[in-house]
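Engineer: This is protein22.txt (compact mmCIF, C-alpha atoms).
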# COMPACT_ATOMS: atom_id res chain seq x y z
CA MET A 1 -9.89 19.40 7.36
CA GLN A 2 -11.42 17.37 4.55
CA ASP A 3 -13.87 14.53 5.26
CA LYS A 4 -11.98 11.31 5.98
CA PRO A 5 -12.52 8.30 3.71
CA LYS A 6 -14.21 5.11 4.88
CA THR A 7 -12.10 3.27 7.47
CA VAL A 8 -11.92 0.07 9.49
CA ALA A 9 -10.30 0.03 12.93
CA ILE A 10 -8.00 -2.89 13.74
CA ASN A 11 -5.50 -3.76 16.46
CA MET A 12 -2.03 -5.09 15.74
CA GLY A 13 -0.67 -6.23 19.06
CA LYS A 14 -0.99 -3.19 21.31
CA THR A 15 -1.07 -0.76 18.37
CA ALA A 16 -4.32 0.62 17.00
CA ALA A 17 -4.62 1.37 13.29
CA LEU A 18 -7.15 2.39 10.69
CA LEU A 19 -7.39 0.71 7.30
CA LEU A 20 -8.29 3.33 4.70
CA ALA A 21 -10.42 2.59 1.67
CA ASP A 22 -7.92 4.51 -0.43
CA ARG A 23 -5.40 1.66 0.00
CA ALA A 24 -3.43 3.13 2.89
CA LEU A 25 -3.04 2.75 6.65
CA TRP A 26 -3.26 5.34 9.43
CA LEU A 27 -1.45 4.99 12.78
CA PRO A 28 -3.09 7.55 15.08
CA GLU A 29 -0.63 7.21 17.98
CA SER A 30 2.39 8.21 15.88
CA LYS A 31 0.39 10.18 13.29
CA THR A 32 1.92 8.09 10.54
CA LEU A 33 0.36 7.49 7.12
CA VAL A 34 1.53 4.29 5.42
CA ALA A 35 1.18 3.32 1.75
CA GLY A 36 2.93 0.76 -0.39
CA ASP A 37 3.70 0.20 -4.05
CA LEU A 38 2.79 3.52 -5.64
CA HIS A 39 4.85 2.66 -8.74
CA PHE A 40 5.03 6.22 -9.98
CA GLY A 41 6.35 6.21 -13.52
CA LYS A 42 4.97 2.80 -14.47
CA VAL A 43 2.67 4.46 -17.02
CA ASN A 44 5.68 6.26 -18.55
CA HIS A 45 7.56 2.94 -18.63
CA PHE A 46 4.83 1.31 -20.74
CA ARG A 47 4.45 4.35 -22.99
CA ARG A 48 8.17 4.27 -23.79
CA SER A 49 7.63 0.67 -24.84
CA GLY A 50 5.02 1.82 -27.37
CA LEU A 51 1.89 0.91 -25.40
CA PRO A 52 -0.76 3.69 -25.54
CA VAL A 53 -1.41 3.86 -21.79
CA PRO A 54 -3.24 7.07 -20.78
CA LEU A 55 -1.28 9.50 -18.61
CA ALA A 56 -4.36 10.14 -16.45
CA ALA A 57 -3.34 7.24 -14.17
CA ASN A 58 -0.20 9.14 -13.16
CA VAL A 59 -2.17 12.27 -12.34
CA ARG A 60 -4.80 10.37 -10.38
CA ASN A 61 -2.22 8.67 -8.16
CA ALA A 62 -0.63 12.01 -7.30
CA GLU A 63 -4.04 13.54 -6.57
CA ARG A 64 -4.99 10.65 -4.28
CA LEU A 65 -1.74 10.98 -2.35
CA ILE A 66 -2.22 14.73 -1.91
CA ASP A 67 -5.83 14.21 -0.79
CA LEU A 68 -4.76 11.68 1.83
CA ILE A 69 -2.05 13.91 3.26
CA ASN A 70 -4.45 16.84 3.38
CA ALA A 71 -7.09 14.72 5.12
CA TRP A 72 -4.91 13.11 7.80
CA GLU A 73 -2.15 15.71 8.29
CA PRO A 74 0.52 13.12 9.15
CA ARG A 75 3.78 13.81 10.92
CA ARG A 76 5.28 10.95 8.90
CA MET A 77 4.52 9.59 5.43
CA LEU A 78 5.98 6.10 5.17
CA PHE A 79 6.17 4.41 1.76
CA LEU A 80 6.59 0.61 1.89
CA GLY A 81 8.75 0.35 -1.20
CA ASP A 82 8.35 0.68 -4.96
CA LEU A 83 7.64 4.38 -4.82
CA PHE A 84 8.89 4.52 -8.41
CA HIS A 85 8.65 1.82 -11.02
CA SER A 86 11.97 2.31 -12.77
CA ALA A 87 14.51 4.98 -13.66
CA TYR A 88 14.11 8.76 -13.53
CA ASN A 89 11.08 10.25 -15.28
CA ASP A 90 8.77 13.25 -14.98
CA ASP A 91 6.91 11.73 -12.02
CA TRP A 92 10.09 12.11 -9.98
CA GLU A 93 9.53 15.88 -10.09
CA VAL A 94 5.88 15.45 -9.08
CA ILE A 95 6.93 13.66 -5.90
CA GLY A 96 9.49 16.38 -5.24
CA HIS A 97 6.77 19.03 -5.41
CA ILE A 98 4.55 17.04 -3.04
CA VAL A 99 7.36 16.74 -0.50
CA LYS A 100 7.96 20.50 -0.67
CA GLN A 101 4.26 21.26 -0.37
CA PHE A 102 4.00 19.31 2.90
CA SER A 103 7.16 20.50 4.62
CA ALA A 104 5.80 19.70 8.11
CA CYS A 105 5.64 16.00 7.20
CA SER A 106 8.64 13.64 7.17
CA PHE A 107 8.70 11.51 4.00
CA GLU A 108 10.38 8.12 4.34
CA LEU A 109 10.83 5.18 1.98
CA VAL A 110 11.44 1.56 2.90
CA HIS A 111 13.57 0.44 -0.01
CA GLY A 112 11.75 -1.73 -2.58
CA ASN A 113 12.95 -3.85 -5.47
CA HIS A 114 11.82 -1.25 -8.04
CA ASP A 115 13.48 1.66 -6.22
CA ILE A 116 16.61 1.60 -8.34
CA LEU A 117 17.62 5.26 -8.02
CA SER A 118 20.45 5.99 -5.59
CA ASP A 119 19.66 6.89 -1.99
CA GLN A 120 21.27 10.29 -2.59
CA GLN A 121 18.70 11.12 -5.27
CA TYR A 122 15.84 10.40 -2.89
CA GLU A 123 17.45 12.35 -0.09
CA ARG A 124 17.99 15.37 -2.34
CA LYS A 125 14.21 15.40 -2.82
CA GLY A 126 13.67 15.24 0.93
CA ILE A 127 12.88 11.51 1.17
CA ARG A 128 14.74 9.47 3.78
CA VAL A 129 15.56 5.91 2.62
CA LEU A 130 15.37 2.96 5.04
CA GLU A 131 15.92 -0.77 4.72
CA GLN A 132 13.17 -1.34 7.28
CA GLU A 133 11.50 0.59 10.08
CA ARG A 134 10.04 -0.11 13.53
CA ILE A 135 7.21 1.84 15.16
CA ASP A 136 5.49 0.74 18.40
CA GLY A 137 6.05 -2.99 17.93
CA LEU A 138 5.43 -2.85 14.17
CA LEU A 139 8.14 -3.95 11.74
CA PHE A 140 7.85 -2.34 8.30
CA THR A 141 9.43 -4.01 5.26
CA HIS A 142 8.82 -3.96 1.53
CA GLU A 143 8.64 -7.71 0.94
CA PRO A 144 6.63 -9.70 3.50
CA LEU A 145 8.72 -11.70 5.93
CA GLU A 146 8.09 -15.39 6.40
CA ARG A 147 5.57 -15.50 9.24
CA ARG A 148 7.72 -17.87 11.29
CA ALA A 149 10.71 -15.52 10.85
CA ILE A 150 8.94 -12.48 12.30
CA PRO A 151 10.46 -11.65 15.72
CA ALA A 152 8.27 -12.61 18.66
CA GLY A 153 6.03 -9.80 19.83
CA GLN A 154 6.28 -7.88 16.55
CA ILE A 155 3.86 -7.42 13.65
CA ASN A 156 5.25 -7.25 10.12
CA LEU A 157 3.67 -4.71 7.76
CA ALA A 158 4.64 -5.03 4.11
CA GLY A 159 3.59 -4.48 0.52
CA HIS A 160 5.12 -5.95 -2.66
CA LEU A 161 2.44 -8.59 -3.31
CA HIS A 162 -0.35 -6.28 -4.56
CA PRO A 163 -2.84 -8.58 -2.77
CA ALA A 164 -6.32 -9.13 -4.15
CA ALA A 165 -9.27 -11.28 -3.15
CA ARG A 166 -11.38 -13.21 -5.64
CA LEU A 167 -15.05 -13.30 -4.72
CA VAL A 168 -16.94 -16.16 -6.35
CA GLY A 169 -20.73 -16.20 -6.74
CA ARG A 170 -23.11 -19.16 -6.96
CA GLY A 171 -23.23 -18.94 -10.74
CA ARG A 172 -19.43 -19.11 -10.89
CA GLN A 173 -19.20 -15.39 -11.55
CA SER A 174 -16.10 -13.91 -9.93
CA LEU A 175 -14.77 -10.48 -9.02
CA THR A 176 -11.18 -9.66 -8.11
CA LEU A 177 -10.64 -6.72 -5.75
CA PRO A 178 -7.64 -5.18 -3.93
CA CYS A 179 -7.45 -6.00 -0.24
CA PHE A 180 -5.62 -5.83 3.07
CA TRP A 181 -4.51 -9.29 4.24
CA GLN A 182 -4.13 -9.74 8.00
CA SER A 183 -2.79 -12.67 10.00
CA ALA A 184 -1.81 -12.94 13.65
CA ASN A 185 1.60 -11.37 13.12
CA GLN A 186 1.44 -9.72 9.69
CA LEU A 187 -0.50 -7.23 7.59
CA ILE A 188 0.00 -6.99 3.83
CA LEU A 189 -1.15 -3.68 2.34
CA PRO A 190 -2.74 -3.33 -1.09
CA ALA A 191 -0.82 -1.50 -3.77
CA PHE A 192 -1.62 2.21 -3.59
CA GLY A 193 -0.99 2.72 -7.30
CA THR A 194 -4.00 2.11 -9.52
CA PHE A 195 -1.95 0.84 -12.48
CA THR A 196 -0.07 -1.93 -10.74
CA GLY A 197 -1.88 -5.22 -11.32
CA LEU A 198 -3.31 -7.57 -8.69
CA ALA A 199 -2.23 -10.94 -7.30
CA VAL A 200 -4.96 -13.21 -5.92
CA ILE A 201 -4.06 -14.40 -2.42
CA ARG A 202 -4.70 -17.72 -0.67
CA PRO A 203 -5.35 -16.78 2.96
CA GLU A 204 -5.22 -19.34 5.72
CA GLU A 205 -8.31 -20.24 7.73
CA GLN A 206 -7.46 -17.95 10.65
CA ASP A 207 -6.62 -14.92 8.47
CA THR A 208 -8.84 -11.91 7.86
CA VAL A 209 -9.17 -10.16 4.49
CA TYR A 210 -10.47 -6.61 4.08
CA VAL A 211 -11.67 -6.07 0.52
CA ILE A 212 -11.83 -2.57 -0.96
CA VAL A 213 -14.87 -1.89 -3.11
CA GLU A 214 -16.38 1.45 -4.12
CA ASN A 215 -14.55 3.44 -1.42
CA GLN A 216 -15.67 1.03 1.28
CA ILE A 217 -13.96 -1.80 3.15
CA MET A 218 -15.64 -5.17 3.60
CA GLU A 219 -14.29 -7.76 6.05
CA LEU A 220 -14.23 -11.35 4.80
CA ARG A 221 -13.07 -14.69 6.13
CA PRO A 222 -11.24 -17.23 3.90
CA PRO A 223 -14.28 -19.53 3.33
CA ALA A 224 -15.83 -16.71 1.29
CA LEU A 225 -12.75 -16.51 -0.93
CA ARG A 226 -12.74 -19.86 -2.66
CA SER A 227 -11.29 -20.07 -6.15
CA PRO A 228 -13.63 -21.14 -9.01
CA SER A 229 -12.09 -24.63 -9.01
CA GLU A 230 -13.03 -25.02 -5.35
CA VAL A 231 -16.69 -24.17 -5.89
CA SER A 232 -18.86 -27.29 -6.03
Rewrite the coordinates I just gave you, this time as structure tokens.
Structural biologist:
Amino acid sequence: MQDKPKTVAINMGKTAALLLADRALWLPESKTLVAGDLHFGKVNHFRRSGLPVPLAANVRNAERLIDLINAWEPRRMLFLGDLFHSAYNDDWEVIGHIVKQFSACSFELVHGNHDILSDQQYERKGIRVLEQERIDGLLFTHEPLERRAIPAGQINLAGHLHPAARLVGRGRQSLTLPCFWQSANQLILPAFGTFTGLAVIRPEEQDTVYVIVENQIMELRPPALRSPSEVS
């Protein structure tokens, strides 16, 4: 087995999990690997619009996914929506080859707003499509649920937001980095895709943010994540 990437252990209710520096989550009890917002085909989408975006981003995302599956050997690979960015393109065949390569793993997709292909097309490639999923007290959705709407005793895991934390230095320098965003009953995963954009979050005082930087994860509390306008 390959060396595992840097991780951080957390508990979500009674369920243990590992945050992975490669923007994914590992559930050891169920041997489930979770990733959100891969947006395969987004590069192709921009290239069709005339923007000279390099194709290397597509290749790198596929390589990272393969490396993760090789490293963790999951029984289940759960995508939290937006596996593809738009309509059919060559990346659709890449995913098909990955599914065939790892035949011992069940590939499942929680339907996202960019997953516009029919369920039958996914299923023909060996990907089961779900509206949401539950595993050991965890409720998986694409879009985050309102915290007050999450059923009692459950933890909502979601993607969609592409969360990022802005770190602000004393000289007003700032750095924006992808992150995991955890509250008492919710965990928002970073976008797995590297060509997806980032949305700066505003965590509440009791939240915890895990920033990903140089294949490492750094835990931060909201006071360290002030926006430039909040810095005196």
Engineer: Taking only C-alpha atoms into account, which of A:Met77, A:Val59, A:Val110, A:Leu20 comes nearest Thr194 (chain A)?
Structural biologist: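 For Thr194 (chain A), the nearest of the candidates is A:Val59.
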Engineer: So that I can see what lies close to region 125-136 of chain A, please list as a VMD selection string the residues with an atom at most 10 Å from it, counting all atoms listed in the file and leaving out residues fewer than 5 positions away in the same chain.
Structural biologist: chain A and resid 12 to 16 27 29 to 30 32 77 to 81 92 to 93 95 to 100 103 106 to 112 118 to 120 141 to 142 154 to 158
Engineer: Generate the output file for the selected residues, C-alpha atoms, as a PDB file, in the coordinates of the input.
Structural biologist:
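Result written to result-v2.pdb:
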ATOM      1  CA  MET A  12      -2.030  -5.090  15.740  1.00  0.00           C
ATOM      2  CA  GLY A  13      -0.670  -6.230  19.060  1.00  0.00           C
ATOM      3  CA  LYS A  14      -0.990  -3.190  21.310  1.00  0.00           C
ATOM      4  CA  THR A  15      -1.070  -0.760  18.370  1.00  0.00           C
ATOM      5  CA  ALA A  16      -4.320   0.620  17.000  1.00  0.00           C
ATOM      6  CA  LEU A  27      -1.450   4.990  12.780  1.00  0.00           C
ATOM      7  CA  GLU A  29      -0.630   7.210  17.980  1.00  0.00           C
ATOM      8  CA  SER A  30       2.390   8.210  15.880  1.00  0.00           C
ATOM      9  CA  THR A  32       1.920   8.090  10.540  1.00  0.00           C
ATOM     10  CA  MET A  77       4.520   9.590   5.430  1.00  0.00           C
ATOM     11  CA  LEU A  78       5.980   6.100   5.170  1.00  0.00           C
ATOM     12  CA  PHE A  79       6.170   4.410   1.760  1.00  0.00           C
ATOM     13  CA  LEU A  80       6.590   0.610   1.890  1.00  0.00           C
ATOM     14  CA  GLY A  81       8.750   0.350  -1.200  1.00  0.00           C
ATOM     15  CA  TRP A  92      10.090  12.110  -9.980  1.00  0.00           C
ATOM     16  CA  GLU A  93       9.530  15.880 -10.090  1.00  0.00           C
ATOM     17  CA  ILE A  95       6.930  13.660  -5.900  1.00  0.00           C
ATOM     18  CA  GLY A  96       9.490  16.380  -5.240  1.00  0.00           C
ATOM     19  CA  HIS A  97       6.770  19.030  -5.410  1.00  0.00           C
ATOM     20  CA  ILE A  98       4.550  17.040  -3.040  1.00  0.00           C
ATOM     21  CA  VAL A  99       7.360  16.740  -0.500  1.00  0.00           C
ATOM     22  CA  LYS A 100       7.960  20.500  -0.670  1.00  0.00           C
ATOM     23  CA  SER A 103       7.160  20.500   4.620  1.00  0.00           C
ATOM     24  CA  SER A 106       8.640  13.640   7.170  1.00  0.00           C
ATOM     25  CA  PHE A 107       8.700  11.510   4.000  1.00  0.00           C
ATOM     26  CA  GLU A 108      10.380   8.120   4.340  1.00  0.00           C
ATOM     27  CA  LEU A 109      10.830   5.180   1.980  1.00  0.00           C
ATOM     28  CA  VAL A 110      11.440   1.560   2.900  1.00  0.00           C
ATOM     29  CA  HIS A 111      13.570   0.440  -0.010  1.00  0.00           C
ATOM     30  CA  GLY A 112      11.750  -1.730  -2.580  1.00  0.00           C
ATOM     31  CA  SER A 118      20.450   5.990  -5.590  1.00  0.00           C
ATOM     32  CA  ASP A 119      19.660   6.890  -1.990  1.00  0.00           C
ATOM     33  CA  GLN A 120      21.270  10.290  -2.590  1.00  0.00           C
ATOM     34  CA  THR A 141       9.430  -4.010   5.260  1.00  0.00           C
ATOM     35  CA  HIS A 142       8.820  -3.960   1.530  1.00  0.00           C
ATOM     36  CA  GLN A 154       6.280  -7.880  16.550  1.00  0.00           C
ATOM     37  CA  ILE A 155       3.860  -7.420  13.650  1.00  0.00           C
ATOM     38  CA  ASN A 156       5.250  -7.250  10.120  1.00  0.00           C
ATOM     39  CA  LEU A 157       3.670  -4.710   7.760  1.00  0.00           C
ATOM     40  CA  ALA A 158       4.640  -5.030   4.110  1.00  0.00           C
TER      41      ALA A 158
END
Engineer: Identify which of the residues A:Ala165, A:Glu123, A:Lys31, A:Leu19 lies closest to Cys105 (chain A), counting all atoms listed in the file when measuring atom-to-atom distances.
Structural biologist: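 For Cys105 (chain A), the nearest of the candidates is A:Lys31.
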Engineer: For Leu38 (chain A), which residue among A:Gln216, A:Thr7, A:Gln206, A:Thr196 is the nearest when counting only C-alpha atoms?
Structural biologist: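 Going through A:Gln216, A:Thr7, A:Gln206, A:Thr196 one by one, the smallest distance to Leu38 (chain A) is for A:Thr196.
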Engineer: Any idea what the distance is between CA of Leu220 (chain A) and CA of Gln182 (chain A)?
Structural biologist: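 Taking CA of Leu220 (chain A) and CA of Gln182 (chain A), their separation equals 10.7 Å.
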Engineer: For the atom pair CA of Glu205 (chain A) and CA of Arg221 (chain A), what is the interatomic distance in Å to one decimal place?
Structural biologist: 7.5 Å
Engineer: Check the smallest atom-to-atom distance from each of A:Arg76, A:Ala184, A:Leu83, A:Ala191 to Ile10 (chain A) using all atoms listed in the file, then report the winner.
Structural biologist: A:Ala184
Engineer: Any idea what the distance is between CA of Glu63 (chain A) and CA of Gln101 (chain A)?
Structural biologist: 12.9 Å
Engineer: Out of A:Leu161, A:Leu175, A:Ile116, A:Ala149, which residue has the shortest atom-to-atom distance to Arg202 (chain A) when counting all atoms listed in the file?
Structural biologist: A:Leu161
Engineer: Please define a box with edges along x, y and z of the file around all atoms of region 205-215 of chain A given in the file, extend it by 5 Å on each side, and return its centre and edge lengths in Å to one decimal, as lines of an AutoDock Vina configuration file.
Structural biologist:
center_x = -11.5
center_y = -8.4
center_z = 3.3
size_x = 19.8
size_y = 33.7
size_z = 24.8
Engineer: Between A:Cys179, A:Val168, A:Met218, A:Leu198, single out the one closest to Arg23 (chain A), counting all atoms listed in the file.
Structural biologist: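 Selected residue with least distance to Arg23 (chain A): A:Cys179.
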